[in-house]
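Colleague: Let me begin by handing over the structure; questions about it come next.
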Amino acid sequence: MKKIIWRDYLGIAVGAAITAVSLNMFLIPNKVAAGGVSGLATVLHHLLNWPVGIIMLAFNIPLFIIGLKVMGARYGINTLFGAAMLSIAIDVMAPYTPVLTGDLLLNSLYGGVIGGIGMGIVFRYKGNTAGTALAAVILNKLLKIRVGQAMMAADFFVIVFAGLAFKSAELSLYALISIFVTGQIVDLVQEGPSTSKAFFVMSSQPKQVADAIIKEMDRGVTVLQAKGGYTGDPREMLLCVVSTSEVTQLKEVIYHIDSKAFVIVTTAHEVLGEGFTEVKI
């Protein structure tokens with residue numbers, strides 16, 4: 001258990017450092033305030049010349065105290081660690097982090113990608129960096145406001161504030177690009193790339209289809225009990241997960257047996273277990 005806890009803290013620290021690089025190298029120097037407390041701190045840094053990390057910590061301390069009471073000690077400790085590591089990393093690394101380009105589009109894209117990687121790692125190791133994410137969780141717990149809606153409202157406020165403070169609607173538009181990219185990369189880091197497909201198969205010959213999949217493709221099949229919504233008749237639905245390279249082959253196996261089979265193919269971002277990704281704890 002201690003090994004797992006230390007691994008989580010190391011992961012949170014690494015993620016926070018990567019996020020700090022994205023802020024110092026791309027976003028903060030170019031006034032791209034991509035929402036959240038970091039965006040608000042970016043604005044105040046350029047207006048008042050205060051260190052970004054200290055500003056973020058000052059905003060996060062009251063949020064942390066509230067979060068500790070609302071969400072519990074374990075969540076609060078991980079959040080405090082993540083927020084502190086990010087704030088420290090930003091201010092310590094700032095003098096040594098080069099600014100690679102002044103192009104706002106490049107800064108928005110690369111800042112979003114690298115920041116998303118860092119935040120994704122933090123979340124993957126059960127951490128948080130406080131800010132609007134923590135505020136959103138608190139509002140959800142206390143007022144039943146959806147986390148996504150609360151975060152969008154907070155980010156929108158910061159972006160509008162940044163646009164007014166910097167007197168540039170263009171900077172606000174670039175900040176929106178960075179927020180979108182960050183969100184996509186965070187999901188990718190947490191869930192993994194879309195390398196697997198899940199097939200849901202409704203067939204009049206479920207036993208024959210399942211046997212063919214097992215025999216010809218050496219893939220497991222799960223039989224789910226279903227019921228027709230219109231007829232009310234009980235039916236069997238097959239669930240099978242395959243890699244993207246096996247999609248065409250599985251379709252051929254299914255339709256060779258039942259040309260009228262009803263098939264739904266969905267993306268499985270992460271598949272754990274035998275035949276796929278080994279589970280490591």
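Chains: A, B, ... in order of the structure tokens. Residues: from 1 per chain. Ligands: from 1, in order shown.
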Residues near Phe156 in chain A, anyone? I mean within 10 Å using only C-alpha atoms, not counting same-chain ones fewer than 2 positions away, as JSON, numbers by chain.

Modeller: {"A": [34, 35, 36, 150, 151, 152, 153, 154, 158, 159, 160, 161, 162, 172, 176]}

Colleague: List as a short mmCIF file (atom, residue, chain, number, x, y, z; two decimals) with all heavy atoms, in the first residue's frame the protein and nucleic acid residues near range 190-193 of chain A, meaning an atom at most 12 Å away when only C-alpha atoms are counted, but skip any in the same chain fewer than 4 places from it.

Modeller:
```cif
data_model
loop_
_atom_site.label_atom_id
_atom_site.label_comp_id
_atom_site.auth_asym_id
_atom_site.auth_seq_id
_atom_site.Cartn_x
_atom_site.Cartn_y
_atom_site.Cartn_z
N GLY A 116 -2.22 19.32 -21.22
CA GLY A 116 -3.14 18.19 -21.13
C GLY A 116 -2.44 16.92 -20.71
O GLY A 116 -2.98 16.13 -19.92
N ILE A 117 -1.22 16.70 -21.22
CA ILE A 117 -0.44 15.53 -20.81
C ILE A 117 -0.15 15.59 -19.31
O ILE A 117 -0.33 14.61 -18.58
CB ILE A 117 0.87 15.44 -21.61
CG1 ILE A 117 0.58 15.13 -23.09
CG2 ILE A 117 1.80 14.37 -21.01
CD1 ILE A 117 1.79 15.22 -23.98
N GLY A 118 0.29 16.77 -18.87
CA GLY A 118 0.60 16.92 -17.44
C GLY A 118 -0.61 16.73 -16.55
O GLY A 118 -0.56 15.97 -15.57
N MET A 119 -1.72 17.36 -16.89
CA MET A 119 -2.93 17.24 -16.08
C MET A 119 -3.48 15.82 -16.14
O MET A 119 -3.99 15.30 -15.14
CB MET A 119 -3.98 18.23 -16.56
CG MET A 119 -3.64 19.69 -16.30
SD MET A 119 -3.35 20.04 -14.56
CE MET A 119 -4.94 19.62 -13.87
N GLY A 120 -3.38 15.20 -17.30
CA GLY A 120 -3.85 13.82 -17.43
C GLY A 120 -3.08 12.89 -16.51
O GLY A 120 -3.65 11.98 -15.88
N ILE A 121 -1.76 13.09 -16.40
CA ILE A 121 -0.94 12.28 -15.50
C ILE A 121 -1.33 12.52 -14.05
O ILE A 121 -1.45 11.58 -13.25
CB ILE A 121 0.55 12.59 -15.72
CG1 ILE A 121 0.99 12.10 -17.11
CG2 ILE A 121 1.41 11.93 -14.64
CD1 ILE A 121 2.40 12.51 -17.49
N VAL A 122 -1.57 13.78 -13.70
CA VAL A 122 -1.99 14.11 -12.34
C VAL A 122 -3.30 13.39 -12.00
O VAL A 122 -3.42 12.75 -10.93
CB VAL A 122 -2.18 15.64 -12.17
CG1 VAL A 122 -2.86 15.95 -10.83
CG2 VAL A 122 -0.84 16.35 -12.24
N PHE A 123 -4.28 13.46 -12.89
CA PHE A 123 -5.57 12.81 -12.64
C PHE A 123 -5.43 11.30 -12.61
O PHE A 123 -6.11 10.62 -11.84
CB PHE A 123 -6.58 13.21 -13.72
CG PHE A 123 -6.96 14.66 -13.69
CD1 PHE A 123 -7.32 15.32 -14.86
CD2 PHE A 123 -6.96 15.37 -12.51
CE1 PHE A 123 -7.68 16.65 -14.84
CE2 PHE A 123 -7.31 16.71 -12.47
CZ PHE A 123 -7.67 17.36 -13.64
N ARG A 124 -4.57 10.76 -13.47
CA ARG A 124 -4.39 9.30 -13.54
C ARG A 124 -3.83 8.75 -12.23
O ARG A 124 -4.09 7.60 -11.87
CB ARG A 124 -3.45 8.95 -14.69
CG ARG A 124 -3.51 7.49 -15.12
CD ARG A 124 -2.64 7.21 -16.31
NE ARG A 124 -2.74 5.82 -16.73
CZ ARG A 124 -3.45 5.38 -17.76
NH1 ARG A 124 -4.14 6.24 -18.49
NH2 ARG A 124 -3.49 4.10 -18.06
N TYR A 125 -3.07 9.57 -11.52
CA TYR A 125 -2.52 9.13 -10.23
C TYR A 125 -3.32 9.68 -9.05
O TYR A 125 -2.78 9.94 -7.99
CB TYR A 125 -1.05 9.54 -10.14
CG TYR A 125 -0.15 8.67 -11.00
CD1 TYR A 125 0.18 9.05 -12.30
CD2 TYR A 125 0.32 7.45 -10.53
CE1 TYR A 125 0.98 8.24 -13.10
CE2 TYR A 125 1.12 6.64 -11.32
CZ TYR A 125 1.44 7.04 -12.60
OH TYR A 125 2.24 6.24 -13.39
N LYS A 126 -4.61 9.87 -9.28
CA LYS A 126 -5.58 10.23 -8.23
C LYS A 126 -5.30 11.60 -7.62
O LYS A 126 -5.59 11.84 -6.43
CB LYS A 126 -5.61 9.17 -7.13
CG LYS A 126 -5.85 7.76 -7.60
CD LYS A 126 -5.99 6.83 -6.41
CE LYS A 126 -5.55 5.42 -6.60
NZ LYS A 126 -4.28 5.17 -7.17
N GLY A 183 -8.43 19.60 -22.86
CA GLY A 183 -9.46 18.64 -22.49
C GLY A 183 -9.35 17.35 -23.27
O GLY A 183 -9.51 16.26 -22.71
N GLN A 184 -9.08 17.46 -24.57
CA GLN A 184 -8.96 16.26 -25.40
C GLN A 184 -7.75 15.42 -24.99
O GLN A 184 -7.84 14.18 -24.93
CB GLN A 184 -8.82 16.66 -26.88
CG GLN A 184 -10.02 17.40 -27.45
CD GLN A 184 -11.29 16.58 -27.39
OE1 GLN A 184 -11.33 15.44 -27.84
NE2 GLN A 184 -12.33 17.15 -26.81
N ILE A 185 -6.63 16.07 -24.70
CA ILE A 185 -5.42 15.35 -24.33
C ILE A 185 -5.56 14.71 -22.94
O ILE A 185 -5.07 13.59 -22.70
CB ILE A 185 -4.18 16.27 -24.37
CG1 ILE A 185 -3.98 16.81 -25.79
CG2 ILE A 185 -2.94 15.54 -23.91
CD1 ILE A 185 -3.73 15.73 -26.83
N VAL A 186 -6.21 15.41 -22.02
CA VAL A 186 -6.44 14.84 -20.68
C VAL A 186 -7.21 13.53 -20.81
O VAL A 186 -6.87 12.52 -20.18
CB VAL A 186 -7.21 15.83 -19.78
CG1 VAL A 186 -7.78 15.11 -18.55
CG2 VAL A 186 -6.31 16.97 -19.33
N LYS A 197 -12.30 -1.90 -30.34
CA LYS A 197 -13.69 -1.68 -30.71
C LYS A 197 -14.57 -2.72 -30.03
O LYS A 197 -14.23 -3.90 -29.96
CB LYS A 197 -13.86 -1.79 -32.23
CG LYS A 197 -13.09 -0.75 -33.03
CD LYS A 197 -13.64 0.65 -32.83
CE LYS A 197 -12.88 1.67 -33.69
NZ LYS A 197 -13.41 3.03 -33.52
N SER A 243 -9.36 -5.64 -31.42
CA SER A 243 -8.49 -4.53 -31.81
C SER A 243 -9.01 -3.93 -33.12
O SER A 243 -9.78 -4.58 -33.84
CB SER A 243 -7.05 -5.01 -31.98
OG SER A 243 -6.97 -5.92 -33.06
N THR A 244 -8.58 -2.71 -33.43
CA THR A 244 -9.06 -2.06 -34.65
C THR A 244 -8.67 -2.83 -35.90
O THR A 244 -9.38 -2.81 -36.90
CB THR A 244 -8.49 -0.63 -34.74
OG1 THR A 244 -7.07 -0.66 -34.55
CG2 THR A 244 -9.10 0.28 -33.67
N THR A 267 -16.37 2.62 -29.83
CA THR A 267 -14.96 2.74 -29.47
C THR A 267 -14.75 2.45 -28.00
O THR A 267 -15.46 2.98 -27.15
CB THR A 267 -14.45 4.16 -29.79
OG1 THR A 267 -14.56 4.39 -31.20
CG2 THR A 267 -12.99 4.31 -29.37
N ALA A 268 -13.80 1.58 -27.70
CA ALA A 268 -13.41 1.30 -26.31
C ALA A 268 -12.04 1.93 -26.08
O ALA A 268 -11.04 1.45 -26.62
CB ALA A 268 -13.36 -0.20 -26.07
N HIS A 269 -12.00 3.00 -25.31
CA HIS A 269 -10.74 3.73 -25.14
C HIS A 269 -9.70 2.92 -24.38
O HIS A 269 -8.50 3.03 -24.64
CB HIS A 269 -10.99 5.04 -24.39
CG HIS A 269 -11.58 6.10 -25.26
ND1 HIS A 269 -10.84 6.82 -26.16
CD2 HIS A 269 -12.85 6.56 -25.39
CE1 HIS A 269 -11.61 7.68 -26.81
NE2 HIS A 269 -12.84 7.53 -26.34
N GLU A 270 -10.15 2.11 -23.43
CA GLU A 270 -9.20 1.32 -22.65
C GLU A 270 -9.84 -0.01 -22.31
O GLU A 270 -10.94 -0.06 -21.76
CB GLU A 270 -8.80 2.07 -21.38
CG GLU A 270 -7.67 1.40 -20.62
CD GLU A 270 -7.15 2.26 -19.47
OE1 GLU A 270 -7.88 3.16 -19.02
OE2 GLU A 270 -6.03 2.01 -19.01
N VAL A 271 -9.14 -1.09 -22.63
CA VAL A 271 -9.63 -2.43 -22.34
C VAL A 271 -8.59 -3.15 -21.50
O VAL A 271 -7.44 -3.31 -21.92
CB VAL A 271 -9.92 -3.23 -23.63
CG1 VAL A 271 -10.48 -4.61 -23.28
CG2 VAL A 271 -10.88 -2.47 -24.53
N LEU A 272 -8.98 -3.59 -20.32
CA LEU A 272 -8.05 -4.22 -19.39
C LEU A 272 -8.40 -5.70 -19.23
O LEU A 272 -9.58 -6.06 -19.15
CB LEU A 272 -8.12 -3.54 -18.01
CG LEU A 272 -7.93 -2.02 -18.00
CD1 LEU A 272 -8.12 -1.48 -16.60
CD2 LEU A 272 -6.55 -1.64 -18.53
N THR A 277 -4.78 -5.10 -22.44
CA THR A 277 -3.78 -4.48 -21.56
C THR A 277 -3.73 -5.19 -20.22
O THR A 277 -4.77 -5.37 -19.57
CB THR A 277 -4.10 -2.99 -21.33
OG1 THR A 277 -4.16 -2.33 -22.60
CG2 THR A 277 -3.00 -2.34 -20.49
#
```

Colleague: Would you kindly return, as a ChimeraX atom specification, each protein, DNA or RNA residue with an atom no farther than 9 Å from any atom of Ala84 in chain A, considering only C-alpha atoms and excluding same-chain residues fewer than 5 positions away?

Modeller: /A:53,57,79,89,129

Colleague: Using N, CA and C atoms, can you write the selected residues to a file as a PDB file, in the first residue's frame?

Modeller:
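What ended up in again_9.pdb:
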```
ATOM      1  N   GLY A  53       2.953  31.290  -9.511  1.00  0.00           N
ATOM      2  CA  GLY A  53       2.771  30.211  -8.545  1.00  0.00           C
ATOM      3  C   GLY A  53       2.195  30.682  -7.231  1.00  0.00           C
ATOM      4  N   LEU A  57      -1.414  29.682  -5.518  1.00  0.00           N
ATOM      5  CA  LEU A  57      -1.480  29.114  -4.182  1.00  0.00           C
ATOM      6  C   LEU A  57      -2.408  29.936  -3.294  1.00  0.00           C
ATOM      7  N   THR A  79      -4.988  16.718  -3.174  1.00  0.00           N
ATOM      8  CA  THR A  79      -5.219  17.994  -3.844  1.00  0.00           C
ATOM      9  C   THR A  79      -4.205  19.040  -3.387  1.00  0.00           C
ATOM     10  N   ALA A  89       6.556  24.415  -8.851  1.00  0.00           N
ATOM     11  CA  ALA A  89       7.220  24.119 -10.126  1.00  0.00           C
ATOM     12  C   ALA A  89       7.163  25.313 -11.076  1.00  0.00           C
ATOM     13  N   THR A 129      -5.039  19.509  -9.039  1.00  0.00           N
ATOM     14  CA  THR A 129      -4.246  20.714  -8.810  1.00  0.00           C
ATOM     15  C   THR A 129      -5.112  21.853  -8.293  1.00  0.00           C
TER      16      THR A 129
END
```

Colleague: Could you check the closest approach to Pro234 in chain A for each of A:Glu170, A:Phe262, A:Ser204, A:Met217 and tell me which residue wins, using only C-alpha atoms?

Modeller: A:Ser204

Colleague: Just checking: using only C-alpha atoms, which residue out of A:Arg7, A:Ser87, A:Val70, A:Gly82 ends up closest to Ser38 in chain A?

Modeller: A:Ser87

Colleague: Name all residues at most 10 Å from Phe59 in chain A (count only C-alpha atoms; drop same-chain ones fewer than 2 positions away) and give them as a ChimeraX atom specification.

Modeller: /A:37-38,40-41,54-57,61-64,130-132

Colleague: I'd like the contact shell of Asp218 in chain A - 12 Å cut-off, only C-alpha atoms, skipping same-chain residues fewer than 5 positions apart - returned as a PDB file with N, CA, C and O atoms, in the first residue's frame.

Modeller:
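Written output follows (part08.pdb):
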```
ATOM      1  N   ALA A 210     -21.373 -16.766 -32.041  1.00  0.00           N
ATOM      2  CA  ALA A 210     -20.429 -16.797 -30.920  1.00  0.00           C
ATOM      3  C   ALA A 210     -19.383 -17.888 -31.121  1.00  0.00           C
ATOM      4  O   ALA A 210     -18.176 -17.656 -30.914  1.00  0.00           O
ATOM      5  N   ASP A 211     -19.818 -19.062 -31.537  1.00  0.00           N
ATOM      6  CA  ASP A 211     -18.881 -20.166 -31.762  1.00  0.00           C
ATOM      7  C   ASP A 211     -17.870 -19.821 -32.859  1.00  0.00           C
ATOM      8  O   ASP A 211     -16.680 -20.151 -32.751  1.00  0.00           O
ATOM      9  N   ALA A 212     -18.342 -19.173 -33.921  1.00  0.00           N
ATOM     10  CA  ALA A 212     -17.454 -18.809 -35.029  1.00  0.00           C
ATOM     11  C   ALA A 212     -16.405 -17.791 -34.586  1.00  0.00           C
ATOM     12  O   ALA A 212     -15.231 -17.877 -34.974  1.00  0.00           O
ATOM     13  N   ILE A 213     -16.820 -16.816 -33.781  1.00  0.00           N
ATOM     14  CA  ILE A 213     -15.879 -15.801 -33.292  1.00  0.00           C
ATOM     15  C   ILE A 213     -14.795 -16.457 -32.439  1.00  0.00           C
ATOM     16  O   ILE A 213     -13.600 -16.172 -32.580  1.00  0.00           O
ATOM     17  N   CYS A 240     -18.499  -8.462 -27.920  1.00  0.00           N
ATOM     18  CA  CYS A 240     -17.139  -8.905 -28.238  1.00  0.00           C
ATOM     19  C   CYS A 240     -16.253  -7.680 -28.457  1.00  0.00           C
ATOM     20  O   CYS A 240     -16.648  -6.749 -29.165  1.00  0.00           O
ATOM     21  N   VAL A 241     -15.078  -7.675 -27.837  1.00  0.00           N
ATOM     22  CA  VAL A 241     -14.125  -6.570 -27.984  1.00  0.00           C
ATOM     23  C   VAL A 241     -12.915  -7.052 -28.775  1.00  0.00           C
ATOM     24  O   VAL A 241     -12.333  -8.096 -28.456  1.00  0.00           O
ATOM     25  N   VAL A 242     -12.552  -6.295 -29.811  1.00  0.00           N
ATOM     26  CA  VAL A 242     -11.417  -6.653 -30.661  1.00  0.00           C
ATOM     27  C   VAL A 242     -10.556  -5.426 -30.907  1.00  0.00           C
ATOM     28  O   VAL A 242     -10.974  -4.289 -30.655  1.00  0.00           O
ATOM     29  N   GLU A 246      -8.801  -5.921 -36.286  1.00  0.00           N
ATOM     30  CA  GLU A 246      -9.648  -7.102 -36.423  1.00  0.00           C
ATOM     31  C   GLU A 246     -11.097  -6.767 -36.759  1.00  0.00           C
ATOM     32  O   GLU A 246     -11.935  -7.661 -36.876  1.00  0.00           O
ATOM     33  N   GLN A 249     -12.401  -8.305 -40.092  1.00  0.00           N
ATOM     34  CA  GLN A 249     -12.511  -9.760 -39.975  1.00  0.00           C
ATOM     35  C   GLN A 249     -13.736 -10.157 -39.158  1.00  0.00           C
ATOM     36  O   GLN A 249     -14.455 -11.101 -39.523  1.00  0.00           O
ATOM     37  N   LEU A 250     -13.989  -9.450 -38.063  1.00  0.00           N
ATOM     38  CA  LEU A 250     -15.145  -9.783 -37.227  1.00  0.00           C
ATOM     39  C   LEU A 250     -16.452  -9.547 -37.976  1.00  0.00           C
ATOM     40  O   LEU A 250     -17.402 -10.340 -37.872  1.00  0.00           O
ATOM     41  N   GLU A 274      -7.371 -10.097 -19.985  1.00  0.00           N
ATOM     42  CA  GLU A 274      -6.773 -11.090 -20.863  1.00  0.00           C
ATOM     43  C   GLU A 274      -6.972 -10.750 -22.339  1.00  0.00           C
ATOM     44  O   GLU A 274      -8.077 -10.456 -22.777  1.00  0.00           O
ATOM     45  N   GLY A 275      -5.894 -10.774 -23.091  1.00  0.00           N
ATOM     46  CA  GLY A 275      -5.958 -10.489 -24.519  1.00  0.00           C
ATOM     47  C   GLY A 275      -5.767  -9.024 -24.850  1.00  0.00           C
ATOM     48  O   GLY A 275      -5.629  -8.659 -26.012  1.00  0.00           O
TER      49      GLY A 275
END
```

Colleague: As a VMD selection string, list the residues of range 7-230 of chain A assigned to helix (DSSP H, G or I) by DSSP on the backbone atoms of this structure.

Modeller: chain A and resid 7 to 27 36 to 48 52 to 71 73 to 96 104 to 124 131 to 143 147 to 166 169 to 191 206 to 217

Colleague: Taking into account only C-alpha atoms, which residue in the set A:Leu139, A:Val43, A:Ala33, A:Ile257 is nearest to Leu171 in chain A?

Modeller: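 Residue with the minimum atom-to-atom distance to Leu171 in chain A: A:Ala33.
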
Colleague: Just want the 8 Å neighbourhood of range 237-239 of chain A, counted on only C-alpha atoms, with same-chain residues fewer than 2 positions away dropped. Output as a list of chain:residue names.

Modeller: A:Ala198, A:Phe199, A:Phe200, A:Val201, A:Met202, A:Ser203, A:Pro206, A:Ala210, A:Val221, A:Thr222, A:Val223, A:Leu224, A:Gln225, A:Ala226, A:Arg235, A:Val241

Colleague: Just the selected residues (N, CA, C and O atoms), exported as an mmCIF file, in the first residue's frame, please.

Modeller:
```cif
data_model
loop_
_atom_site.group_PDB
_atom_site.id
_atom_site.type_symbol
_atom_site.label_atom_id
_atom_site.label_comp_id
_atom_site.auth_asym_id
_atom_site.auth_seq_id
_atom_site.Cartn_x
_atom_site.Cartn_y
_atom_site.Cartn_z
ATOM 1 N N ALA A 198 -15.700 -2.269 -29.519
ATOM 2 C CA ALA A 198 -16.661 -3.167 -28.884
ATOM 3 C C ALA A 198 -17.831 -3.402 -29.831
ATOM 4 O O ALA A 198 -18.426 -2.446 -30.338
ATOM 5 N N PHE A 199 -18.139 -4.666 -30.086
ATOM 6 C CA PHE A 199 -19.240 -5.054 -30.963
ATOM 7 C C PHE A 199 -20.408 -5.558 -30.125
ATOM 8 O O PHE A 199 -20.241 -6.449 -29.279
ATOM 9 N N PHE A 200 -21.598 -4.995 -30.371
ATOM 10 C CA PHE A 200 -22.836 -5.520 -29.809
ATOM 11 C C PHE A 200 -23.613 -6.130 -30.973
ATOM 12 O O PHE A 200 -23.933 -5.428 -31.935
ATOM 13 N N VAL A 201 -23.905 -7.416 -30.884
ATOM 14 C CA VAL A 201 -24.479 -8.140 -32.025
ATOM 15 C C VAL A 201 -25.828 -8.740 -31.652
ATOM 16 O O VAL A 201 -25.929 -9.507 -30.683
ATOM 17 N N MET A 202 -26.846 -8.368 -32.420
ATOM 18 C CA MET A 202 -28.167 -8.982 -32.304
ATOM 19 C C MET A 202 -28.363 -9.873 -33.524
ATOM 20 O O MET A 202 -28.365 -9.388 -34.661
ATOM 21 N N SER A 203 -28.488 -11.178 -33.288
ATOM 22 C CA SER A 203 -28.595 -12.127 -34.391
ATOM 23 C C SER A 203 -29.648 -13.187 -34.085
ATOM 24 O O SER A 203 -29.902 -13.511 -32.913
ATOM 25 N N PRO A 206 -27.409 -16.555 -32.516
ATOM 26 C CA PRO A 206 -26.341 -16.107 -31.615
ATOM 27 C C PRO A 206 -25.328 -17.187 -31.267
ATOM 28 O O PRO A 206 -24.131 -16.911 -31.158
ATOM 29 N N ALA A 210 -21.373 -16.766 -32.041
ATOM 30 C CA ALA A 210 -20.429 -16.797 -30.920
ATOM 31 C C ALA A 210 -19.383 -17.888 -31.121
ATOM 32 O O ALA A 210 -18.176 -17.656 -30.914
ATOM 33 N N VAL A 221 -16.402 -14.070 -26.148
ATOM 34 C CA VAL A 221 -17.724 -13.502 -26.424
ATOM 35 C C VAL A 221 -18.561 -13.601 -25.157
ATOM 36 O O VAL A 221 -18.600 -14.654 -24.507
ATOM 37 N N THR A 222 -19.236 -12.512 -24.812
ATOM 38 C CA THR A 222 -20.140 -12.505 -23.668
ATOM 39 C C THR A 222 -21.573 -12.483 -24.168
ATOM 40 O O THR A 222 -21.915 -11.682 -25.042
ATOM 41 N N VAL A 223 -22.405 -13.354 -23.619
ATOM 42 C CA VAL A 223 -23.814 -13.423 -24.012
ATOM 43 C C VAL A 223 -24.639 -12.639 -22.996
ATOM 44 O O VAL A 223 -24.649 -12.961 -21.804
ATOM 45 N N LEU A 224 -25.305 -11.604 -23.477
ATOM 46 C CA LEU A 224 -26.137 -10.750 -22.621
ATOM 47 C C LEU A 224 -27.604 -11.049 -22.879
ATOM 48 O O LEU A 224 -28.024 -11.198 -24.027
ATOM 49 N N GLN A 225 -28.367 -11.131 -21.811
ATOM 50 C CA GLN A 225 -29.802 -11.363 -21.947
ATOM 51 C C GLN A 225 -30.509 -10.039 -22.243
ATOM 52 O O GLN A 225 -30.374 -9.076 -21.486
ATOM 53 N N ALA A 226 -31.232 -9.997 -23.344
ATOM 54 C CA ALA A 226 -31.926 -8.771 -23.754
ATOM 55 C C ALA A 226 -33.400 -9.081 -24.034
ATOM 56 O O ALA A 226 -33.818 -10.243 -24.051
ATOM 57 N N ARG A 235 -34.262 -12.179 -25.942
ATOM 58 C CA ARG A 235 -33.268 -12.457 -26.979
ATOM 59 C C ARG A 235 -31.881 -12.467 -26.346
ATOM 60 O O ARG A 235 -31.700 -12.017 -25.201
ATOM 61 N N VAL A 241 -15.078 -7.675 -27.837
ATOM 62 C CA VAL A 241 -14.125 -6.570 -27.984
ATOM 63 C C VAL A 241 -12.915 -7.052 -28.775
ATOM 64 O O VAL A 241 -12.333 -8.096 -28.456
#
```

Colleague: Between CA of Gly111 in chain A and CA of Ser178 in chain A, what is the distance, to one decimal in Å?

Modeller: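 One can read the CA of Gly111 in chain A to CA of Ser178 in chain A distance as 6.7 Å.
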
Colleague: Mind pulling up the distance from CA of Ala169 in chain A to CA of Leu27 in chain A?

Modeller: 15.9 Å

Colleague: Which one of A:Thr97, A:Thr195, A:Asn49, A:Asn78 sits closest to Ala20 in chain A if you count only C-alpha atoms?

Modeller: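 The answer is A:Thr97, which sits nearest to Ala20 in chain A.
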